[in-house]
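J.: One file: entry.txt (compact mmCIF, C-alpha atoms).
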```
# COMPACT_ATOMS: atom_id res chain seq x y z
CA GLU A 110 -12.07 53.56 -24.79
CA ASN A 111 -8.60 52.21 -25.45
CA ASP A 112 -7.47 53.23 -21.97
CA ARG A 113 -10.32 51.33 -20.35
CA VAL A 114 -9.67 48.21 -22.41
CA LEU A 115 -5.95 48.49 -21.77
CA GLN A 116 -6.49 48.59 -18.01
CA ALA A 117 -8.81 45.57 -18.21
CA LEU A 118 -6.22 43.61 -20.20
CA GLN A 119 -3.52 44.50 -17.68
CA ARG A 120 -5.70 43.19 -14.85
CA LEU A 121 -6.29 40.01 -16.85
CA ALA A 122 -2.54 39.61 -17.41
CA THR A 123 -1.96 39.89 -13.67
CA SER A 124 -4.63 37.28 -12.95
CA LEU A 125 -3.14 34.88 -15.49
CA ASN A 126 0.29 35.30 -13.95
CA ASP A 127 -1.09 34.17 -10.59
CA LEU A 128 -2.49 30.89 -11.94
CA PRO A 129 -0.78 27.93 -10.19
CA ASP A 130 1.10 26.06 -12.91
CA LYS A 131 3.83 24.54 -10.74
CA GLN A 132 1.85 21.77 -9.10
CA SER A 133 0.13 18.65 -10.37
CA PRO A 134 -3.62 18.20 -9.94
CA PRO A 135 -4.96 15.85 -7.26
CA GLN A 136 -6.04 13.51 -10.04
CA LEU A 137 -5.69 13.44 -13.82
CA SER A 138 -9.05 13.29 -15.57
CA HIS A 139 -7.82 11.48 -18.70
CA TRP A 140 -4.80 10.39 -20.68
CA ARG A 141 -5.70 10.71 -24.35
CA ILE A 142 -9.50 10.53 -24.70
CA LEU A 143 -11.63 13.56 -23.80
CA ASN A 144 -15.10 12.35 -24.77
CA ASP A 145 -15.99 11.19 -21.26
CA PRO A 146 -19.01 13.09 -19.82
CA LYS A 147 -16.86 13.90 -16.79
CA ASN A 148 -14.64 15.99 -19.06
CA GLU A 149 -17.48 18.18 -20.35
CA ALA A 150 -16.13 21.32 -18.63
CA LEU A 151 -12.74 20.82 -20.23
CA THR A 152 -14.23 20.18 -23.66
CA THR A 153 -16.29 23.37 -23.38
CA ALA A 154 -13.26 25.32 -22.19
CA TRP A 155 -11.31 24.19 -25.23
CA GLN A 156 -14.09 25.42 -27.51
CA ILE A 157 -14.04 28.80 -25.75
CA LEU A 158 -10.26 28.91 -26.09
CA ASP A 159 -10.52 28.35 -29.84
CA GLN A 160 -13.27 30.96 -30.28
CA GLY A 161 -11.36 33.56 -28.28
CA ASN A 162 -8.19 32.86 -30.21
CA GLN A 163 -9.92 33.28 -33.57
CA LEU A 164 -11.60 36.51 -32.43
CA VAL A 165 -8.32 38.05 -31.29
CA LYS A 166 -6.49 37.07 -34.47
CA ALA A 167 -9.18 38.44 -36.79
CA THR A 168 -9.76 41.62 -34.77
CA SER A 169 -6.09 42.53 -34.45
CA THR A 170 -5.80 42.78 -38.25
CA LYS A 171 -8.96 44.86 -38.57
CA TYR A 172 -7.86 47.08 -35.70
CA THR A 173 -4.51 47.82 -37.32
CA LEU A 174 -5.98 48.59 -40.74
CA LEU A 175 -8.87 50.69 -39.47
CA THR A 176 -6.84 52.68 -36.96
CA GLN A 177 -4.56 53.86 -39.73
CA ILE A 178 -7.63 55.37 -41.42
CA ASP A 179 -9.70 56.52 -38.45
CA ILE A 180 -8.36 56.24 -34.91
CA ASP A 181 -11.80 56.56 -33.30
CA GLU A 182 -13.34 53.83 -35.44
CA GLY A 183 -10.36 51.57 -34.90
CA SER A 184 -10.54 52.05 -31.16
CA LYS A 185 -14.04 50.60 -31.13
CA LEU A 186 -12.57 47.24 -32.08
CA SER A 187 -10.50 47.16 -28.90
CA LYS A 188 -13.61 45.83 -27.14
CA ASP A 189 -13.49 42.76 -29.36
CA LEU A 190 -9.82 42.26 -28.51
CA LEU A 191 -10.74 42.38 -24.84
CA GLN A 192 -13.60 39.93 -25.31
CA GLY A 193 -11.37 37.46 -27.13
CA CYS A 194 -8.73 37.72 -24.42
CA GLU A 195 -11.36 37.25 -21.71
CA TRP A 196 -12.53 34.06 -23.41
CA LEU A 197 -8.94 32.84 -23.51
CA GLY A 198 -8.54 33.73 -19.84
CA THR A 199 -11.72 31.87 -18.94
CA ALA A 200 -10.46 28.74 -20.67
CA ALA A 201 -7.11 29.01 -18.89
CA LEU A 202 -8.92 29.34 -15.56
CA VAL A 203 -10.89 26.14 -16.23
CA VAL A 204 -7.71 24.27 -17.20
CA HIS A 205 -6.19 25.22 -13.83
CA ASP A 206 -9.24 24.08 -11.84
CA ALA A 207 -8.12 21.19 -9.63
CA ASP A 208 -11.33 19.26 -10.32
CA VAL A 209 -10.82 19.35 -14.10
CA GLY A 210 -7.74 17.13 -13.90
CA CYS A 211 -5.34 18.80 -16.34
CA SER A 212 -1.70 17.86 -15.91
CA ARG A 213 0.90 20.33 -14.69
CA SER A 214 2.46 20.24 -18.16
CA TRP A 215 -0.81 21.18 -19.84
CA ARG A 216 -1.53 23.92 -17.32
CA LYS A 217 1.84 25.54 -17.90
CA LEU A 218 1.59 25.43 -21.68
CA VAL A 219 -1.91 26.92 -21.70
CA LYS A 220 -1.00 29.62 -19.20
CA HIS A 221 2.08 30.75 -21.10
CA ALA A 222 0.32 30.68 -24.49
CA VAL A 223 -2.68 32.69 -23.27
CA ARG A 224 -0.45 35.18 -21.45
CA ALA A 225 1.47 35.73 -24.68
CA VAL A 226 -1.74 36.64 -26.54
CA VAL A 227 -2.88 39.03 -23.81
CA ASN A 228 0.53 40.70 -23.54
CA THR A 229 0.82 41.21 -27.31
CA CYS A 230 -2.68 42.74 -27.36
CA ILE A 231 -1.59 45.12 -24.61
CA SER A 232 1.45 46.00 -26.69
CA LEU A 233 -0.73 46.72 -29.73
CA LEU A 234 -3.03 49.06 -27.81
CA GLN A 235 -0.09 50.81 -26.19
CA GLN A 236 1.27 51.51 -29.67
CA GLU A 237 -1.60 53.86 -30.44
CA VAL A 238 -1.61 55.41 -26.97
CA SER A 239 2.12 56.01 -26.60
CA SER A 240 2.88 56.66 -30.28
CA SER A 241 5.78 54.21 -30.19
CA THR A 242 8.05 54.06 -33.23
CA THR A 243 7.40 50.33 -33.49
CA THR A 244 4.99 49.78 -36.33
CA MET A 245 1.52 48.45 -35.59
CA ALA A 246 2.01 45.89 -38.32
CA GLN A 247 4.90 44.36 -36.40
CA ARG A 248 2.83 44.19 -33.22
CA THR A 249 -0.07 42.64 -35.09
CA GLY A 250 2.35 40.02 -36.39
CA ALA A 251 3.35 39.30 -32.78
CA ILE A 252 -0.32 38.71 -31.94
CA TRP A 253 -0.64 36.31 -34.85
CA ASP A 254 2.42 34.39 -33.68
CA ALA A 255 0.97 34.19 -30.15
CA CYS A 256 -2.38 32.99 -31.52
CA ASP A 257 -0.63 30.32 -33.57
CA ARG A 258 0.99 29.15 -30.37
CA VAL A 259 -2.47 28.72 -28.84
CA THR A 260 -3.63 26.85 -31.93
CA ASN A 261 -0.71 24.43 -31.60
CA LEU A 262 -1.31 23.64 -27.94
CA PRO A 263 -1.61 19.93 -27.05
CA LYS A 264 -5.20 18.78 -26.93
CA ASN A 265 -4.93 16.31 -24.04
CA ASN A 266 -2.82 15.32 -21.05
CA ARG A 267 -0.85 12.76 -23.01
CA ASN A 268 0.50 15.15 -25.61
CA ALA A 269 1.28 17.85 -23.06
CA MET A 270 3.11 15.50 -20.72
CA ARG A 271 5.04 13.83 -23.54
CA ARG A 272 6.15 17.26 -24.76
CA ASP A 273 7.78 17.88 -21.40
CA LEU A 274 9.36 14.43 -21.32
CA PHE A 275 10.89 14.86 -24.77
CA THR A 276 12.11 18.34 -23.84
CA TRP A 277 13.99 16.90 -20.86
CA MET A 278 15.48 14.18 -23.06
CA VAL A 279 16.71 16.78 -25.54
CA GLU A 280 18.24 18.80 -22.72
CA CYS A 281 20.03 15.68 -21.49
CA GLN A 282 21.42 15.05 -24.97
CA GLU A 283 22.59 18.64 -25.36
CA THR A 284 24.34 18.48 -21.99
CA MET A 285 25.96 15.19 -22.94
CA ASN A 286 27.22 16.66 -26.22
CA GLU A 287 28.65 19.71 -24.47
CA PHE A 288 30.58 17.81 -21.83
CA SER A 289 31.71 15.08 -24.22
CA GLU A 290 33.48 17.82 -26.16
CA LEU A 291 34.83 19.37 -22.98
CA LEU A 292 36.34 16.06 -21.91
CA GLN A 293 38.40 16.07 -25.10
CA VAL A 294 40.16 19.27 -24.06
CA VAL A 295 43.61 18.60 -22.62
CA ASP A 296 44.89 20.61 -19.68
CA VAL A 297 48.30 21.40 -21.19
CA SER A 298 49.43 23.20 -18.05
CA ARG A 299 49.46 19.88 -16.16
CA ASP A 300 50.62 17.50 -18.87
CA GLU A 301 54.05 18.19 -20.30
CA ASN A 302 53.59 15.51 -22.96
CA ALA A 303 50.24 16.80 -24.19
CA GLU A 304 50.12 18.33 -27.63
CA THR A 305 49.21 22.01 -27.46
CA THR A 306 46.59 22.38 -30.18
CA TRP A 307 45.18 25.74 -31.21
CA ASP A 308 41.76 24.81 -29.78
CA ALA A 309 43.29 23.79 -26.48
CA PHE A 310 45.29 27.01 -26.34
CA CYS A 311 42.15 29.09 -27.00
CA VAL A 312 40.14 27.18 -24.43
CA GLY A 313 42.76 27.61 -21.73
CA GLN A 314 43.41 25.92 -18.42
CA SER A 315 40.19 27.10 -16.73
CA GLU A 316 38.07 25.14 -19.21
CA ALA A 317 39.99 21.87 -19.09
CA TYR A 318 39.66 19.14 -16.48
CA ALA A 319 42.68 18.36 -14.31
CA GLY A 320 43.86 14.76 -14.31
CA ASP A 321 42.16 13.87 -11.04
CA GLU A 322 38.94 15.54 -12.19
CA GLN A 323 38.65 13.50 -15.38
CA PRO A 324 37.24 10.29 -13.79
CA ILE A 325 34.71 12.36 -11.84
CA ALA A 326 33.57 14.16 -14.98
CA VAL A 327 33.33 10.89 -16.92
CA ALA A 328 31.18 9.27 -14.21
CA SER A 329 29.01 12.39 -13.93
CA LEU A 330 28.49 12.42 -17.68
CA ALA A 331 27.48 8.75 -17.55
CA LEU A 332 24.95 9.65 -14.87
CA ILE A 333 23.45 12.24 -17.22
CA LYS A 334 23.22 9.53 -19.88
CA CYS A 335 21.38 7.36 -17.35
CA SER A 336 19.06 10.29 -16.72
CA ARG A 337 18.18 10.50 -20.40
CA GLY A 338 17.55 6.77 -20.52
CA SER A 339 15.39 6.97 -17.40
CA ILE A 340 13.20 9.66 -18.95
CA LYS A 341 12.87 7.46 -22.03
CA VAL A 342 11.68 4.68 -19.72
CA ALA A 343 9.09 7.09 -18.34
CA VAL A 344 7.89 7.94 -21.86
CA GLN A 345 7.34 4.30 -22.74
CA ALA A 346 5.86 3.34 -19.37
CA CYS A 347 3.40 6.25 -19.41
CA GLU A 348 2.32 5.32 -22.92
CA ALA A 349 1.74 1.68 -22.02
CA VAL A 350 -0.24 2.43 -18.87
CA GLY A 351 -2.07 5.33 -20.54
CA GLN A 352 -3.36 3.11 -23.32
CA ALA A 353 -4.56 0.63 -20.71
CA ALA A 354 -6.26 3.46 -18.80
CA ASP A 355 -8.25 4.47 -21.86
CA ASP A 356 -9.61 0.92 -22.11
CA ASP A 357 -10.16 0.13 -18.42
CA GLU A 358 -12.73 2.41 -16.83
CA GLU A 359 -12.69 0.57 -13.50
CA ARG A 360 -8.97 1.01 -12.88
CA ARG A 361 -8.52 4.28 -14.77
CA VAL A 362 -8.19 6.43 -11.66
CA HIS A 363 -5.41 4.26 -10.26
CA MET A 364 -3.59 4.12 -13.60
CA LEU A 365 -3.73 7.88 -14.13
CA ALA A 366 -2.48 8.49 -10.60
CA TRP A 367 0.46 6.17 -11.31
CA ILE A 368 1.25 8.08 -14.52
CA SER A 369 1.07 11.43 -12.74
CA THR A 370 3.50 10.26 -10.07
CA LEU A 371 5.91 8.86 -12.66
CA HIS A 372 5.81 12.10 -14.62
CA ASP A 373 6.60 14.10 -11.48
CA LEU A 374 9.53 11.77 -10.78
CA ALA A 375 10.77 12.26 -14.36
CA ARG A 376 10.51 16.02 -13.89
CA THR A 377 12.74 15.75 -10.82
CA VAL A 378 15.25 13.74 -12.87
CA GLY A 379 15.17 16.34 -15.66
CA ASP A 380 15.68 19.22 -13.24
CA GLY A 381 18.37 17.31 -11.38
CA MET A 382 20.24 16.63 -14.59
CA THR A 383 20.44 20.37 -15.16
CA ASP A 384 21.83 20.87 -11.65
CA VAL A 385 24.47 18.18 -12.17
CA GLY A 386 25.50 19.71 -15.49
CA ALA A 387 25.72 23.20 -13.98
CA ASN A 388 28.34 21.89 -11.53
CA MET A 389 30.42 19.98 -14.08
CA TYR A 390 32.35 22.92 -15.49
CA PRO A 391 36.05 22.86 -14.63
CA PRO A 392 37.55 23.53 -12.24
CA LEU A 393 35.07 21.36 -10.35
CA GLU A 394 33.39 22.60 -7.19
CA LEU A 395 33.58 19.18 -5.59
CA GLU A 396 31.25 19.67 -2.62
CA ASP A 397 28.49 21.13 -4.79
CA LEU A 398 28.88 18.43 -7.43
CA GLN A 399 28.87 15.70 -4.77
CA GLU A 400 25.57 17.01 -3.40
CA GLU A 401 23.94 17.15 -6.83
CA ILE A 402 25.15 13.64 -7.72
CA THR A 403 23.64 12.33 -4.48
CA ASN A 404 20.35 14.08 -5.24
CA GLN A 405 20.28 12.82 -8.82
CA SER A 406 21.11 9.29 -7.77
CA ASP A 407 18.21 9.35 -5.31
CA ALA A 408 15.87 10.77 -7.98
CA LEU A 409 16.80 8.04 -10.44
CA ALA A 410 16.37 5.33 -7.81
CA LYS A 411 12.87 6.59 -6.98
CA LEU A 412 11.83 6.70 -10.63
CA HIS A 413 12.91 3.13 -11.31
CA ALA A 414 11.46 1.87 -8.03
CA HIS A 415 8.12 3.30 -9.17
CA VAL A 416 8.37 1.65 -12.59
CA LEU A 417 9.49 -1.73 -11.25
CA ASN A 418 7.15 -1.81 -8.27
CA ASP A 419 4.88 -4.86 -8.15
CA GLN A 420 1.93 -2.49 -7.73
CA ALA A 421 2.30 -1.01 -11.22
CA PRO A 422 -1.30 -0.78 -12.51
CA ALA A 423 -0.71 -2.40 -15.90
CA LEU A 424 1.61 -4.92 -17.49
CA LEU A 425 4.58 -3.02 -18.81
CA PRO A 426 6.32 -4.23 -21.98
CA ALA A 427 9.23 -6.56 -21.23
CA GLU A 428 11.69 -4.22 -22.94
CA VAL A 429 10.64 -1.35 -20.66
CA VAL A 430 11.15 -3.48 -17.55
CA GLU A 431 14.55 -4.65 -18.81
CA MET A 432 15.63 -1.12 -19.70
CA SER A 433 14.56 0.20 -16.30
CA THR A 434 16.38 -2.61 -14.49
CA ASN A 435 19.61 -2.05 -16.41
CA ILE A 436 19.58 1.73 -16.07
CA ARG A 437 18.88 1.55 -12.35
CA ALA A 438 21.97 -0.61 -11.85
CA ALA A 439 24.10 1.55 -14.15
CA ALA A 440 23.04 4.79 -12.45
CA ALA A 441 23.92 3.45 -9.01
CA LYS A 442 27.32 2.32 -10.29
CA ARG A 443 28.14 5.63 -11.98
CA ALA A 444 27.07 7.64 -8.95
CA MET A 445 29.33 5.50 -6.77
CA GLU A 446 32.26 6.01 -9.16
CA ALA A 447 31.77 9.77 -9.05
CA GLN A 448 31.58 9.78 -5.28
CA GLU A 449 34.71 7.63 -4.98
CA GLY A 450 36.56 10.08 -7.20
CA ILE A 451 35.41 13.10 -5.20
CA GLY A 452 35.99 11.67 -1.72
CA PRO A 453 39.82 11.72 -1.66
CA LEU A 454 39.92 15.28 -3.08
CA LEU A 455 37.78 16.85 -0.36
```
Show how you would write the structure in this file as structure tokens.
T.:
Amino acid sequence: ENDRVLQALQRLATSLNDLPDKQSPPQLSHWRILNDPKNEALTTAWQILDQGNQLVKATSTKYTLLTQIDIDEGSKLSKDLLQGCEWLGTAALVVHDADVGCSRSWRKLVKHAVRAVVNTCISLLQQEVSSSTTTMAQRTGAIWDACDRVTNLPKNNRNAMRRDLFTWMVECQETMNEFSELLQVVDVSRDENAETTWDAFCVGQSEAYAGDEQPIAVASLALIKCSRGSIKVAVQACEAVGQAADDDEERRVHMLAWISTLHDLARTVGDGMTDVGANMYPPLELEDLQEEITNQSDALAKLHAHVLNDQAPALLPAEVVEMSTNIRAAAAKRAMEAQEGIGPLL
């Protein structure tokens, strides 16, 4: 019985892996509120997700305890593990349906959380079959952790999309902190008057910017700061338009489409920031860094053009408009400074 269930779970894991979580839906169905009749399928799917999650969590404990007493009796519970996982898989399939209108962020979170539950259930069943030295209690604990991850999933597009936005902001800040410290390292091999500190000696020449690289690194770091500020603009703009969308049924479709586009633009900025940072380590690969700065500058320009466009579907707060205007100008300036520093060195 365990072998049959194990094979079924492995097929389910493969199917979940194939779910398309790297594209946005044609249209978001909602921002925060789910009680619209049009969202009935999604509401039902969320109930199924919760039921499946509870079934897996409860059954995994029973399975572990009973199998230690009677393997045959414990194996009978594997059917319940499969049923719970199938309910989770069904919910994930609904979330990925283009007509349901779940954001790319929500799709990805649900897919990864459900896959974790299925994979830990597979691991638990393989424990009994393969007689692994890993204790069943440890694998049951892994299932509980995976189920808790499902429990803590965002319950609407807003929360899922904001989670991504804040993640990108944190990544920007971490990159800024890293390179701010790196800019303090002195290349003692090129500056006879520089004080050779122990930290500088340990870091070495390969991890210090040369004199003509310093202005480029400073401008690139400023561009990353602009990227963080731009994502913050997206957070506030999405929130303002999203609240309006919840209250304006006639224009909701247009507003949600605007939010979806802005979120995709912010994703491009977040990914681009990572690419810029990856090329900022000394000694600089100037051609690669120049390309990434150009790409990031374009991404930032597109995001702010979307925010400041006269066709924005709702009145944005004045502070958001001012912030977007200022960051757009600053980003263009910093990108130009970086390019001017790179040009003569190529």
J.: Per residue of range 189-301 of chain A within 12 Å of range 341-346 of chain A, record the nearest atom pair and its distance in Å to one decimal, counting only C-alpha atoms, with rows in chain order and ascending residue number, as a Markdown table.
T.:
```
| residue | atom | partner | partner_atom | distance |
| --- | --- | --- | --- | --- |
| A:Arg267 | CA | A:Val344 | CA | 10.0 |
| A:Asn268 | CA | A:Val344 | CA | 11.0 |
| A:Ala269 | CA | A:Val344 | CA | 12.0 |
| A:Met270 | CA | A:Val344 | CA | 9.0 |
| A:Arg271 | CA | A:Val344 | CA | 6.8 |
| A:Arg272 | CA | A:Val344 | CA | 9.9 |
| A:Asp273 | CA | A:Val344 | CA | 10.0 |
| A:Leu274 | CA | A:Val344 | CA | 6.7 |
| A:Phe275 | CA | A:Val344 | CA | 8.1 |
| A:Thr276 | CA | A:Lys341 | CA | 11.1 |
| A:Trp277 | CA | A:Lys341 | CA | 9.6 |
| A:Met278 | CA | A:Lys341 | CA | 7.3 |
| A:Val279 | CA | A:Lys341 | CA | 10.7 |
| A:Cys281 | CA | A:Lys341 | CA | 10.9 |
| A:Gln282 | CA | A:Lys341 | CA | 11.8 |
```
J.: How far is it from CA of Leu191 in chain A to CA of Lys131 in chain A, in Å with one decimal?
T.: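 So the two atoms, CA of Leu191 in chain A and CA of Lys131 in chain A, lie 27.0 Å apart.
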J.: Please identify all polymer residues within 7 Å of range 246-255 of chain A, counting all atoms listed in the file, omitting same-chain residues fewer than 2 positions from it, and present them as number ranges by chain.
T.: A: 166, 169-170, 173, 222, 225-226, 229-230, 232-233, 244, 257-259
J.: For the point (-8.6, 39.3, -26.6) in file coordinates, what residues are within 8 Å, counting all atoms listed in the file? Give the answer as a ChimeraX atom specification?
T.: /A:161-162,164-165,189-197,226-227,230
J.: Which residue gives the smallest distance to Leu365 in chain A among A:Leu202, A:Val294, A:Leu412, A:Cys211, with all atoms listed in the file counted?
T.: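 Comparing A:Leu202, A:Val294, A:Leu412, A:Cys211 against Leu365 in chain A, the winner is A:Cys211.
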J.: For CA of His413 in chain A and CA of Leu218 in chain A, quote the distance in Å rounded to one decimal.
T.: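 These two atoms are separated by 27.1 Å.
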J.: CA of Glu446 in chain A and CA of Ile325 in chain A are how many Å apart?
T.: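 Spanning CA of Glu446 in chain A to CA of Ile325 in chain A is a straight-line distance of 7.3 Å.
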J.: Residues near Trp155 in chain A, anyone? I mean within 10 Å using all atoms listed in the file, not counting same-chain ones fewer than 2 positions away, as a list in words.
T.: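 Using all atoms listed in the file, the neighbours found are Glu149, Ala150, Leu151, Thr152, Thr153, Ile157, Leu158, Asp159, Gln160, Gly161, Leu197, Thr199, Ala200, Ala201, Val203, Val204 and Lys264 of chain A.
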J.: Can I get the selected residues back with C-alpha atoms, as an mmCIF file, in the frame of the given file?
T.:
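Printed below is part03.cif as written:
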```cif
data_model
loop_
_atom_site.group_PDB
_atom_site.id
_atom_site.type_symbol
_atom_site.label_atom_id
_atom_site.label_comp_id
_atom_site.auth_asym_id
_atom_site.auth_seq_id
_atom_site.Cartn_x
_atom_site.Cartn_y
_atom_site.Cartn_z
ATOM 1 C CA GLU A 149 -17.480 18.180 -20.350
ATOM 2 C CA ALA A 150 -16.130 21.320 -18.630
ATOM 3 C CA LEU A 151 -12.740 20.820 -20.230
ATOM 4 C CA THR A 152 -14.230 20.180 -23.660
ATOM 5 C CA THR A 153 -16.290 23.370 -23.380
ATOM 6 C CA ILE A 157 -14.040 28.800 -25.750
ATOM 7 C CA LEU A 158 -10.260 28.910 -26.090
ATOM 8 C CA ASP A 159 -10.520 28.350 -29.840
ATOM 9 C CA GLN A 160 -13.270 30.960 -30.280
ATOM 10 C CA GLY A 161 -11.360 33.560 -28.280
ATOM 11 C CA LEU A 197 -8.940 32.840 -23.510
ATOM 12 C CA THR A 199 -11.720 31.870 -18.940
ATOM 13 C CA ALA A 200 -10.460 28.740 -20.670
ATOM 14 C CA ALA A 201 -7.110 29.010 -18.890
ATOM 15 C CA VAL A 203 -10.890 26.140 -16.230
ATOM 16 C CA VAL A 204 -7.710 24.270 -17.200
ATOM 17 C CA LYS A 264 -5.200 18.780 -26.930
#
```
